[in-house]
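The file entry07.cif comes next; it holds mmCIF, C-alpha atoms (C1' of nucleotides).
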data_query
#
loop_
_atom_site.label_atom_id
_atom_site.label_comp_id
_atom_site.auth_asym_id
_atom_site.auth_seq_id
_atom_site.Cartn_x
_atom_site.Cartn_y
_atom_site.Cartn_z
CA MET I 160 62.66 88.48 101.01
CA GLY I 161 66.30 88.96 100.17
CA ALA I 162 66.33 92.65 100.94
CA GLU I 163 66.34 91.83 104.63
CA THR I 164 69.35 89.54 104.27
CA ARG I 165 71.14 92.20 102.30
CA GLY I 166 70.35 94.77 104.94
CA ARG I 167 71.58 92.50 107.69
CA LEU I 168 74.84 91.97 105.80
CA VAL I 169 75.37 95.70 105.41
CA ALA I 170 74.55 96.36 109.04
CA THR I 171 76.76 93.56 110.32
CA ALA I 172 79.65 94.51 108.06
CA GLY I 173 79.23 98.12 109.14
CA ASP I 174 79.45 97.17 112.79
CA LEU I 175 82.45 94.93 112.39
CA MET I 176 84.34 97.34 110.18
CA GLN I 177 83.63 100.31 112.40
CA ALA I 178 84.81 98.35 115.42
CA SER I 179 88.08 97.51 113.67
CA SER I 180 88.67 98.21 110.00
CA PHE I 181 87.83 97.15 106.48
CA ALA I 182 90.99 95.14 105.98
CA GLN I 183 90.78 93.39 109.35
CA VAL I 184 87.27 92.10 108.75
CA GLY I 185 87.01 89.15 106.40
CA VAL I 186 83.95 88.26 104.39
CA GLY I 187 83.86 85.06 106.38
CA ASP I 188 83.61 87.06 109.59
CA VAL I 189 80.74 89.09 108.20
CA CYS I 190 78.88 86.00 107.05
CA ARG I 191 79.35 84.21 110.36
CA ALA I 192 78.18 87.22 112.36
CA ALA I 193 75.21 87.79 110.07
CA GLY I 194 74.24 84.11 109.95
CA VAL I 195 74.50 84.03 106.20
CA ASN I 196 76.46 81.81 103.86
CA LYS I 197 79.23 83.19 101.77
CA GLY I 198 77.46 82.37 98.54
CA SER I 199 74.53 84.52 99.62
CA LEU I 200 76.80 87.46 100.28
CA TYR I 201 78.16 87.17 96.77
CA HIS I 202 74.64 86.99 95.45
CA PHE I 203 74.05 90.54 96.67
CA PHE I 204 77.53 91.98 96.30
CA ASP I 205 80.05 91.65 93.53
CA SER I 206 83.00 91.81 95.86
CA LYS I 207 84.14 92.72 99.34
CA GLU I 208 84.79 96.19 97.98
CA ASP I 209 81.21 96.40 96.74
CA LEU I 210 80.01 95.46 100.21
CA ALA I 211 82.19 98.15 101.73
CA ALA I 212 80.71 100.69 99.31
CA ALA I 213 77.23 99.75 100.52
CA VAL I 214 78.37 100.08 104.13
CA LEU I 215 79.84 103.47 103.39
CA ASP I 216 76.64 104.61 101.70
CA ALA I 217 74.61 103.46 104.68
CA HIS I 218 76.83 105.42 107.04
CA TRP I 219 76.59 108.44 104.81
CA ALA I 220 72.81 108.19 104.66
CA ARG I 221 72.65 108.28 108.45
CA MET I 222 75.01 111.21 108.48
CA THR I 223 73.03 113.24 105.96
CA GLY I 224 69.90 112.43 107.92
CA LEU I 225 71.55 113.80 111.02
CA MET I 226 72.58 116.93 109.15
CA GLU I 227 69.12 117.54 107.78
CA VAL I 228 67.44 117.56 111.16
CA THR I 229 70.14 119.71 112.74
CA VAL I 230 72.01 121.98 110.34
CA GLY I 231 69.01 122.00 108.04
CA GLY I 232 66.57 122.69 110.88
CA GLU I 233 65.19 125.83 112.39
CA GLY I 234 66.90 128.50 114.43
CA GLU I 235 70.09 130.45 114.14
CA PRO I 236 72.80 128.92 111.95
CA LEU I 237 75.45 128.64 114.66
CA ASP I 238 72.97 126.99 117.00
CA ARG I 239 72.17 124.49 114.26
CA ILE I 240 75.83 123.68 113.84
CA ASP I 241 76.08 123.18 117.59
CA ALA I 242 73.07 120.91 117.41
CA PHE I 243 74.77 118.79 114.78
CA VAL I 244 77.92 118.44 116.84
CA ALA I 245 75.89 117.44 119.88
CA ALA I 246 73.92 114.90 117.86
CA PHE I 247 77.10 113.54 116.33
CA ILE I 248 78.56 112.97 119.77
CA ASP I 249 75.33 111.30 120.83
CA THR I 250 75.75 108.79 118.02
CA LEU I 251 79.29 108.13 119.26
CA ASP I 252 77.78 107.32 122.65
CA GLN I 253 75.11 105.14 121.15
CA ARG I 254 77.52 103.26 118.91
CA ARG I 255 79.83 102.72 121.85
CA ARG I 256 77.00 100.98 123.64
CA GLU I 257 76.25 98.87 120.56
CA LEU I 258 79.80 97.98 119.60
CA GLY I 259 81.40 97.79 123.01
CA THR I 260 84.06 100.24 121.95
CA THR I 261 84.06 103.88 120.92
CA PRO I 262 84.24 104.14 117.14
CA GLY I 263 85.61 106.99 115.13
CA CYS I 264 83.68 108.82 112.46
CA PRO I 265 82.57 106.13 110.00
CA ILE I 266 83.31 108.40 107.06
CA GLY I 267 86.62 109.64 108.37
CA SER I 268 87.86 106.19 109.33
CA PHE I 269 87.16 104.84 105.87
CA ALA I 270 88.74 107.94 104.38
CA ALA I 271 91.91 107.39 106.37
CA GLU I 272 92.06 103.74 105.39
CA PHE I 273 91.35 104.19 101.70
CA ALA I 274 92.78 107.60 100.82
CA GLY I 275 95.48 107.36 98.22
CA SER I 276 95.51 103.59 98.22
CA HIS I 277 92.09 102.45 97.08
CA PRO I 278 91.00 103.64 93.63
CA SER I 279 87.23 103.68 94.10
CA LEU I 280 86.52 103.81 97.83
CA GLY I 281 89.03 106.58 98.48
CA PRO I 282 87.50 109.17 96.13
CA ARG I 283 84.08 108.17 97.37
CA THR I 284 84.93 109.13 100.94
CA THR I 285 86.65 112.31 99.74
CA HIS I 286 83.50 113.31 97.92
CA MET I 287 81.41 112.74 101.02
CA LEU I 288 83.71 114.89 103.12
CA GLY I 289 83.43 117.57 100.46
CA GLN I 290 79.65 117.50 100.61
CA TRP I 291 79.84 117.66 104.37
CA VAL I 292 81.96 120.80 104.12
CA THR I 293 79.44 122.34 101.76
CA VAL I 294 76.60 121.86 104.22
CA PHE I 295 78.53 123.70 106.91
CA GLU I 296 79.61 126.33 104.45
CA ARG I 297 76.05 127.25 103.62
CA ALA I 298 75.21 127.60 107.31
CA LEU I 299 78.27 129.80 107.78
CA ASP I 300 77.29 131.98 104.83
CA GLU I 301 74.03 132.52 106.60
CA ALA I 302 75.75 133.25 109.91
CA ARG I 303 78.01 135.74 108.23
CA ALA I 304 75.09 137.55 106.65
CA LEU I 305 73.55 137.78 110.10
CA GLY I 306 76.79 139.10 111.56
CA HIS I 307 77.12 136.13 113.90
CA VAL I 308 80.67 135.45 112.81
CA ASP I 309 83.58 137.69 112.03
CA ALA I 310 83.20 139.37 108.64
CA ASP I 311 86.75 138.37 107.75
CA LEU I 312 85.93 134.69 108.14
CA ASP I 313 86.19 132.64 104.97
CA PRO I 314 83.18 130.31 105.16
CA ALA I 315 84.77 127.74 102.88
CA VAL I 316 87.91 127.47 104.96
CA ALA I 317 86.02 127.60 108.25
CA ALA I 318 83.65 124.87 107.10
CA ARG I 319 86.55 122.64 106.18
CA SER I 320 88.17 123.38 109.51
CA LEU I 321 84.98 122.43 111.26
CA VAL I 322 84.67 119.10 109.50
CA GLY I 323 88.30 118.45 110.33
CA TYR I 324 87.71 119.35 113.93
CA VAL I 325 84.77 116.96 114.13
CA GLN I 326 86.99 114.26 112.68
CA GLY I 327 89.61 115.01 115.29
CA MET I 328 86.99 114.88 118.03
CA ALA I 329 85.91 111.45 116.89
CA LEU I 330 89.48 110.21 116.59
CA MET I 331 90.44 111.36 120.06
CA ALA I 332 87.28 109.84 121.53
CA GLN I 333 88.03 106.60 119.70
CA ALA I 334 91.62 106.50 120.90
CA MET I 335 90.65 107.22 124.50
CA ASP I 336 87.57 104.99 124.21
CA ASP I 337 85.48 107.75 125.75
CA PRO I 338 82.87 109.84 123.96
CA GLY I 339 83.21 112.28 126.84
CA VAL I 340 86.48 113.37 125.28
CA ALA I 341 84.58 114.48 122.20
CA ARG I 342 81.99 116.18 124.36
CA SER I 343 84.62 118.21 126.15
CA MET I 344 86.09 119.25 122.84
CA ALA I 345 82.76 120.59 121.66
CA VAL I 346 83.38 123.88 123.45
CA GLY I 347 86.03 124.59 120.83
CA VAL I 348 83.54 124.75 117.98
CA ARG I 349 82.40 128.32 118.51
CA PRO I 350 85.87 129.80 118.94
CA LEU I 351 87.02 127.90 115.87
CA LEU I 352 84.32 129.64 113.86
CA GLN I 353 85.34 132.99 115.31
CA ALA I 354 81.81 133.54 116.45
CA THR I 355 81.24 137.10 117.49
CA THR I 356 78.06 136.45 119.42
CA MET R 103 126.04 95.23 110.22
CA GLY R 104 122.48 94.14 110.79
CA ALA R 105 121.38 97.41 112.29
CA GLU R 106 121.22 98.96 108.85
CA THR R 107 119.03 96.16 107.53
CA ARG R 108 116.77 96.54 110.51
CA GLY R 109 116.56 100.25 109.95
CA ARG R 110 115.75 99.78 106.30
CA LEU R 111 112.97 97.37 107.22
CA VAL R 112 111.46 99.84 109.66
CA ALA R 113 111.72 102.71 107.20
CA THR R 114 110.26 100.70 104.34
CA ALA R 115 107.45 99.32 106.46
CA GLY R 116 106.76 102.82 107.73
CA ASP R 117 106.47 104.18 104.22
CA LEU R 118 104.24 101.39 102.96
CA MET R 119 101.99 101.42 105.99
CA GLN R 120 101.64 105.18 105.99
CA ALA R 121 100.77 105.13 102.31
CA SER R 122 98.02 102.57 102.94
CA SER R 123 97.61 100.79 106.26
CA PHE R 124 99.03 98.16 108.55
CA ALA R 125 96.62 95.45 107.49
CA GLN R 126 96.98 96.15 103.79
CA VAL R 127 100.74 95.77 103.82
CA GLY R 128 102.03 92.21 103.98
CA VAL R 129 105.40 91.21 105.37
CA GLY R 130 106.18 89.95 101.89
CA ASP R 131 105.55 93.42 100.51
CA VAL R 132 107.88 94.95 103.07
CA CYS R 133 110.63 92.43 102.36
CA ARG R 134 110.35 92.87 98.61
CA ALA R 135 110.47 96.67 98.87
CA ALA R 136 113.36 96.59 101.30
CA GLY R 137 115.31 93.98 99.34
CA VAL R 138 115.44 91.65 102.31
CA ASN R 139 114.41 88.06 102.70
CA LYS R 140 111.56 87.12 104.93
CA GLY R 141 113.78 85.10 107.21
CA SER R 142 115.87 88.17 107.89
CA LEU R 143 112.84 90.16 108.87
CA TYR R 144 111.94 87.52 111.42
CA HIS R 145 115.48 87.59 112.69
CA PHE R 146 114.95 91.16 113.83
CA PHE R 147 111.27 91.10 114.66
CA ASP R 148 109.18 88.51 116.47
CA SER R 149 106.11 89.19 114.39
CA LYS R 150 104.46 91.60 112.04
CA GLU R 151 102.99 93.27 115.10
CA ASP R 152 106.47 93.69 116.54
CA LEU R 153 107.57 95.33 113.31
CA ALA R 154 104.61 97.67 113.46
CA ALA R 155 105.54 98.61 117.02
CA ALA R 156 109.02 99.55 115.82
CA VAL R 157 107.51 101.59 113.00
CA LEU R 158 105.25 103.35 115.45
CA ASP R 159 108.16 104.12 117.76
CA ALA R 160 110.15 105.53 114.86
CA HIS R 161 107.25 107.80 113.91
CA TRP R 162 106.88 108.89 117.49
CA ALA R 163 110.58 109.62 117.80
CA ARG R 164 110.38 111.95 114.82
CA MET R 165 107.31 113.58 116.29
CA THR R 166 108.89 114.19 119.68
CA GLY R 167 111.93 115.57 117.90
CA LEU R 168 109.69 117.98 116.07
CA MET R 169 108.04 118.99 119.32
CA GLU R 170 111.31 119.59 121.09
CA VAL R 171 112.61 122.05 118.51
CA THR R 172 109.28 123.90 118.24
CA VAL R 173 107.11 123.72 121.35
CA GLY R 174 110.18 123.20 123.50
CA GLY R 175 112.07 126.02 121.84
CA GLU R 176 112.42 129.70 122.57
CA GLY R 177 109.87 132.46 122.30
CA GLU R 178 106.30 132.93 123.40
CA PRO R 179 104.32 129.75 124.03
CA LEU R 180 101.60 130.38 121.44
CA ASP R 181 104.22 131.15 118.82
CA ARG R 182 105.92 127.87 119.65
CA ILE R 183 102.67 126.02 119.18
CA ASP R 184 102.22 127.76 115.83
CA ALA R 185 105.73 126.72 114.94
CA PHE R 186 104.92 123.11 115.66
CA VAL R 187 101.81 123.19 113.52
CA ALA R 188 103.75 124.76 110.66
CA ALA R 189 106.51 122.17 111.00
CA PHE R 190 103.96 119.37 111.14
CA ILE R 191 102.41 120.55 107.90
CA ASP R 192 105.87 120.76 106.36
CA THR R 193 106.40 117.09 107.13
CA LEU R 194 103.08 116.37 105.42
CA ASP R 195 104.41 118.13 102.35
CA GLN R 196 107.72 116.31 102.52
CA ARG R 197 106.13 112.92 103.01
CA ARG R 198 103.79 113.58 100.12
CA ARG R 199 106.81 114.06 97.92
CA GLU R 200 108.37 110.86 99.24
CA LEU R 201 105.30 108.67 99.18
CA GLY R 202 103.50 110.06 96.16
CA THR R 203 100.40 110.60 98.22
CA THR R 204 99.50 112.78 101.18
CA PRO R 205 99.60 110.73 104.36
CA GLY R 206 97.67 111.35 107.54
CA CYS R 207 99.29 111.72 110.92
CA PRO R 208 101.30 108.53 111.44
CA ILE R 209 100.24 108.33 115.07
CA GLY R 210 96.62 109.16 114.42
CA SER R 211 96.29 106.75 111.53
CA PHE R 212 97.63 103.88 113.60
CA ALA R 213 95.41 104.94 116.47
CA ALA R 214 92.34 104.83 114.26
CA GLU R 215 93.29 101.42 112.90
CA PHE R 216 94.14 99.79 116.20
CA ALA R 217 91.96 101.50 118.79
CA GLY R 218 89.67 99.08 120.48
CA SER R 219 90.66 96.17 118.29
CA HIS R 220 94.35 95.57 118.87
CA PRO R 221 95.39 94.74 122.44
CA SER R 222 98.95 96.08 122.40
CA LEU R 223 99.27 98.55 119.54
CA GLY R 224 96.03 100.35 120.40
CA PRO R 225 97.01 101.38 123.93
CA ARG R 226 100.46 102.28 122.67
CA THR R 227 99.04 104.87 120.27
CA THR R 228 96.65 106.13 122.94
CA HIS R 229 99.55 106.71 125.29
CA MET R 230 101.43 108.64 122.63
CA LEU R 231 98.46 110.89 121.98
CA GLY R 232 98.23 111.46 125.72
CA GLN R 233 101.86 112.53 125.90
CA TRP R 234 101.30 114.80 122.95
CA VAL R 235 98.45 116.48 124.78
CA THR R 236 100.65 116.96 127.82
CA VAL R 237 103.29 118.79 125.80
CA PHE R 238 100.69 121.25 124.54
CA GLU R 239 99.16 121.53 127.96
CA ARG R 240 102.40 122.73 129.49
CA ALA R 241 102.78 125.37 126.79
CA LEU R 242 99.22 126.50 127.41
CA ASP R 243 99.83 126.72 131.15
CA GLU R 244 102.64 129.05 130.33
CA ALA R 245 100.52 131.08 127.93
CA ARG R 246 97.83 131.40 130.55
CA ALA R 247 100.30 132.64 133.14
CA LEU R 248 101.39 135.25 130.63
CA GLY R 249 97.79 136.22 129.93
CA HIS R 250 98.05 135.23 126.30
CA VAL R 251 94.94 133.11 126.44
CA ASP R 252 91.60 133.59 128.12
CA ALA R 253 91.83 132.99 131.86
CA ASP R 254 88.76 130.75 131.67
CA LEU R 255 90.51 128.40 129.29
CA ASP R 256 91.09 124.90 130.62
CA PRO R 257 94.60 124.05 129.41
CA ALA R 258 93.98 120.30 129.59
CA VAL R 259 90.85 120.48 127.48
CA ALA R 260 92.34 122.99 125.07
CA ALA R 261 95.46 120.88 124.62
CA ARG R 262 93.34 117.84 123.79
CA SER R 263 91.31 119.92 121.38
CA LEU R 264 94.46 121.09 119.71
CA VAL R 265 95.81 117.58 119.23
CA GLY R 266 92.44 116.59 117.85
CA TYR R 267 92.45 119.54 115.51
CA VAL R 268 95.88 118.64 114.23
CA GLN R 269 94.62 115.11 113.62
CA GLY R 270 91.67 116.52 111.72
CA MET R 271 93.97 118.72 109.67
CA ALA R 272 96.04 115.72 108.68
CA LEU R 273 92.98 113.64 107.89
CA MET R 274 91.45 116.29 105.66
CA ALA R 275 94.75 116.83 103.89
CA GLN R 276 95.07 113.08 103.40
CA ALA R 277 91.55 112.73 102.05
CA MET R 278 91.95 115.65 99.66
CA ASP R 279 95.55 114.62 98.87
CA ASP R 280 96.66 118.19 99.40
CA PRO R 281 98.75 119.45 102.32
CA GLY R 282 97.49 122.90 101.39
CA VAL R 283 94.22 121.93 102.99
CA ALA R 284 96.02 121.50 106.29
CA ARG R 285 97.85 124.77 105.75
CA SER R 286 94.61 126.66 105.26
CA MET R 287 93.21 125.11 108.42
CA ALA R 288 96.16 126.35 110.45
CA VAL R 289 94.50 129.75 110.86
CA GLY R 290 92.01 128.04 113.15
CA VAL R 291 94.60 127.17 115.77
CA ARG R 292 94.68 130.54 117.53
CA PRO R 293 90.92 130.97 117.72
CA LEU R 294 90.61 127.41 119.01
CA LEU R 295 92.89 128.31 121.88
CA GLN R 296 90.89 131.44 122.57
CA ALA R 297 94.02 133.48 122.29
CA THR R 298 93.50 136.97 123.59
CA THR R 299 96.57 138.48 121.99
"C1'" DA U 263 143.75 81.41 112.36
"C1'" DT U 264 139.91 80.29 114.88
"C1'" DC U 265 135.44 80.29 116.35
"C1'" DA U 266 131.08 81.79 118.33
"C1'" DG U 267 127.33 84.46 117.36
"C1'" DA U 268 125.02 87.55 114.36
"C1'" DA U 269 123.12 88.02 109.95
"C1'" DT U 270 121.19 86.09 105.75
"C1'" DT U 271 119.20 82.88 102.62
"C1'" DG U 272 115.25 80.72 100.29
"C1'" DA U 273 112.49 76.93 100.45
"C1'" DC U 274 108.72 75.48 102.99
"C1'" DC U 275 104.33 75.07 106.17
"C1'" DG U 276 99.54 75.51 107.64
"C1'" DT U 277 95.96 78.78 107.57
"C1'" DT U 278 93.03 82.15 105.97
"C1'" DC U 279 91.68 85.00 102.49
"C1'" DG U 280 88.39 86.66 98.69
"C1'" DG U 281 85.82 84.55 95.45
"C1'" DT U 282 83.32 80.65 92.57
"C1'" DC U 283 80.01 77.32 91.53
"C1'" DA U 284 76.39 73.86 90.63
"C1'" DA U 285 72.69 72.33 92.97
"C1'" DC U 286 68.67 73.23 95.70
"C1'" DT U 287 64.75 75.85 97.80
"C1'" DT U 288 61.64 79.68 98.08
"C1'" DC U 289 58.88 83.12 96.13
"C1'" DA U 290 55.99 85.96 93.01
"C1'" DC U 291 53.11 85.92 89.33
"C1'" DT U 292 50.02 84.11 85.76
"C1'" DA T 13 49.32 74.28 89.41
"C1'" DG T 14 53.18 75.66 86.86
"C1'" DT T 15 57.10 78.37 85.80
"C1'" DG T 16 61.04 81.32 85.95
"C1'" DA T 17 63.53 84.30 88.72
"C1'" DA T 18 65.36 85.31 93.20
"C1'" DG T 19 67.48 83.61 97.06
"C1'" DT T 20 70.24 80.13 99.53
"C1'" DT T 21 73.43 76.44 100.41
"C1'" DG T 22 78.04 74.55 101.47
"C1'" DA T 23 81.74 72.57 99.36
"C1'" DC T 24 85.49 74.07 96.84
"C1'" DC T 25 89.52 76.88 94.52
"C1'" DG T 26 93.98 79.28 93.90
"C1'" DA T 27 96.46 82.85 95.88
"C1'" DA T 28 98.34 85.28 99.47
"C1'" DC T 29 99.04 85.50 104.16
"C1'" DG T 30 102.12 85.31 108.56
"C1'" DG T 31 105.48 82.57 110.17
"C1'" DT T 32 109.30 78.66 110.47
"C1'" DC T 33 113.62 76.54 109.81
"C1'" DA T 34 117.94 74.21 108.64
"C1'" DA T 35 121.69 75.61 106.26
"C1'" DT T 36 125.00 79.08 104.95
"C1'" DT T 37 127.73 83.34 105.05
"C1'" DC T 38 129.55 87.22 107.31
"C1'" DT T 39 131.94 89.54 111.15
"C1'" DG T 40 134.44 90.88 115.07
"C1'" DA T 41 136.95 89.55 119.11
"C1'" DT T 42 140.52 86.54 120.82
#
Represent the structure of the file as structure tokens.
Amino acid sequence: MGAETRGRLVATAGDLMQASSFAQVGVGDVCRAAGVNKGSLYHFFDSKEDLAAAVLDAHWARMTGLMEVTVGGEGEPLDRIDAFVAAFIDTLDQRRRELGTTPGCPIGSFAAEFAGSHPSLGPRTTHMLGQWVTVFERALDEARALGHVDADLDPAVAARSLVGYVQGMALMAQAMDDPGVARSMAVGVRPLLQATT
Amino acid sequence: MGAETRGRLVATAGDLMQASSFAQVGVGDVCRAAGVNKGSLYHFFDSKEDLAAAVLDAHWARMTGLMEVTVGGEGEPLDRIDAFVAAFIDTLDQRRRELGTTPGCPIGSFAAEFAGSHPSLGPRTTHMLGQWVTVFERALDEARALGHVDADLDPAVAARSLVGYVQGMALMAQAMDDPGVARSMAVGVRPLLQATT
DNA sequence: ATCAGAATTGACCGTTCGGTCAACTTCACT
DNA sequence: AGTGAAGTTGACCGAACGGTCAATTCTGAT
């Protein structure tokens, strides 16, 4: 079945691109690493850009899955946000073991590479970050109704700040090649949200 | 004098690379935009990597300059940190006007692109981020001595969190192509530092 | 005025890139 | 068993890449 080949291509390309970047990884590299010929790759994908879009979607699917079981789970909203951050850092750890180097946030890295320069991939990442903000925003609405955060807090702004902070955590961990850096930064989440409990 | 040509090459390469990325910008692009022949570029720089190192140093020089007049200035330490953040966002605004698109943090963007994949540029960016953290850390030491932040606060961790947060601010602003996003996130700086005043 | 070295030119090189293609094999379905 | 689509192969293409180089011009010190 070709679906398996396609999946292997997406997974391999995702690994390579997360370990370095979209531009640094050639389609030849992906094919070699995946054990697939170039013609096959272009049977499944129209272009390198199309492959990158599939990679991005795969990353985003994993991210939304992570959000569902944490932010969308049970318990108090701020605890659920904490749970997401912890789980996110765990994936950093896991990916570091798989890739041999600490990656950044797959969404954020693509966003930084494509923003303002790539006409289709850039907006796609921007939209994902926007959805991400919305998920946090809903949890913060809930927390505000419960009085768990300061009443003056603007959930929309705070949610955006939180996504940004997570991006910064990932970037610092990537630069230092140590997920522990992100873990130490996690204590800043609650203060950032002006939690009152 | 050749120094001017060299400077124009660094400035042009800096603009192009900040608007997209190192890998996306070819030396031919840089030469064309700078009005310089390729041979001249290789008279001043050993390689594209060498050029990128010069670009990075130029960015870092501007950043340290910004830090000196803000964090290293007069007044209370937390106010000086606020001043830096405000000035940093101003440069985002200014660069957006110059480049036509909102850039990320020049240091952070390079760090994300090179970390773990480029043997000389990666560590260089990491070192810069480390120095950046140290500057904040000293200001936070001062703030702690003055009782302006919670006594339990670990200045080293908080300083790293702050640099990360600034990176996240820049990334979000870049993705949304709106420095206003970063400006709205600035209100999170004080809470992040657990300021008590 | 001279001359050495810096700066500049633009053609050129080998490689790698993203992408194409016609031919071949495998698979699902009747 | 037969058939058409899906999947696979590997050679191939033009363009763009980073980088080189011999030749030429500019420049500042003597």
Resolved residues for the PyMOL selection byres ((chain R) within 9 of (chain I)) as a ChimeraX atom specification: /R:121-126,202-206,210-211,213-220,224-225,227-229,231-232,259-260,262-274,276-279,283-284,286-288,290-296
Explicit residue set for the PyMOL selection byres ((chain R) within 12 of (chain U)), as a list in words: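 That expression, the PyMOL selection byres ((chain R) within 12 of (chain U)), corresponds here to Met103, Gly104, Ala105, Glu106, Thr107, Arg108, Gly137, Val138, Asn139, Lys140, Gly141, Ser142, Leu143, Tyr144, His145 and Phe146 of chain R.
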Of T:DA28, T:DT42, T:DT37, T:DT15, the one nearest to chain R when counting all atoms listed in the file is T:DA28
Please evaluate the PyMOL selection byres ((chain T) within 9 of (chain R)) against the structure above and give the resulting residues as a ChimeraX atom specification. /T:29-33,39
All file atoms of range 243-258 of chain I boxed axis-aligned, 6 Å per side, centre plus edges, as AutoDock Vina command-line options:
--center_x 76.9 --center_y 108.4 --center_z 119.2 --size_x 17.9 --size_y 32.8 --size_z 20.9
Let me make sure I understand: among I:Val292, I:Thr355, I:Asp241, I:Pro338, which one has the smallest atom-to-atom distance to Asp311 in chain I if we use all atoms listed in the file?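 The closest residue to Asp311 in chain I is I:Thr355.
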So that I can see what lies close to His218 in chain I, please list as a list in words the residues with an atom at most 12 Å from it, counting only C-alpha atoms (C1' of nucleotides) and leaving out residues fewer than 2 positions away in the same chain. Val169, Ala170, Ala172, Gly173, Asp174, Met176, Gln177, Ala211, Ala212, Ala213, Val214, Leu215, Asp216, Ala220, Arg221, Met222, Thr223, Gly224, Leu225, Thr250, Cys264, Pro265, Ile266, Gly267, Ser268, Phe269, Thr284 and Met287 of chain I
Go ahead and compute the interatomic distance for CA of Gly166 in chain I and CA of Val294 in chain I, in Å to one decimal.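 So the two atoms, CA of Gly166 in chain I and CA of Val294 in chain I, lie 27.8 Å apart.
Atom pair CA of Glu170 in chain R / CA of Gln233 in chain R has a distance of 12.7 Å (rounded to one decimal).
Atom pair CA of Leu168 in chain I / CA of Ala193 in chain I: separated by 6.0 Å.
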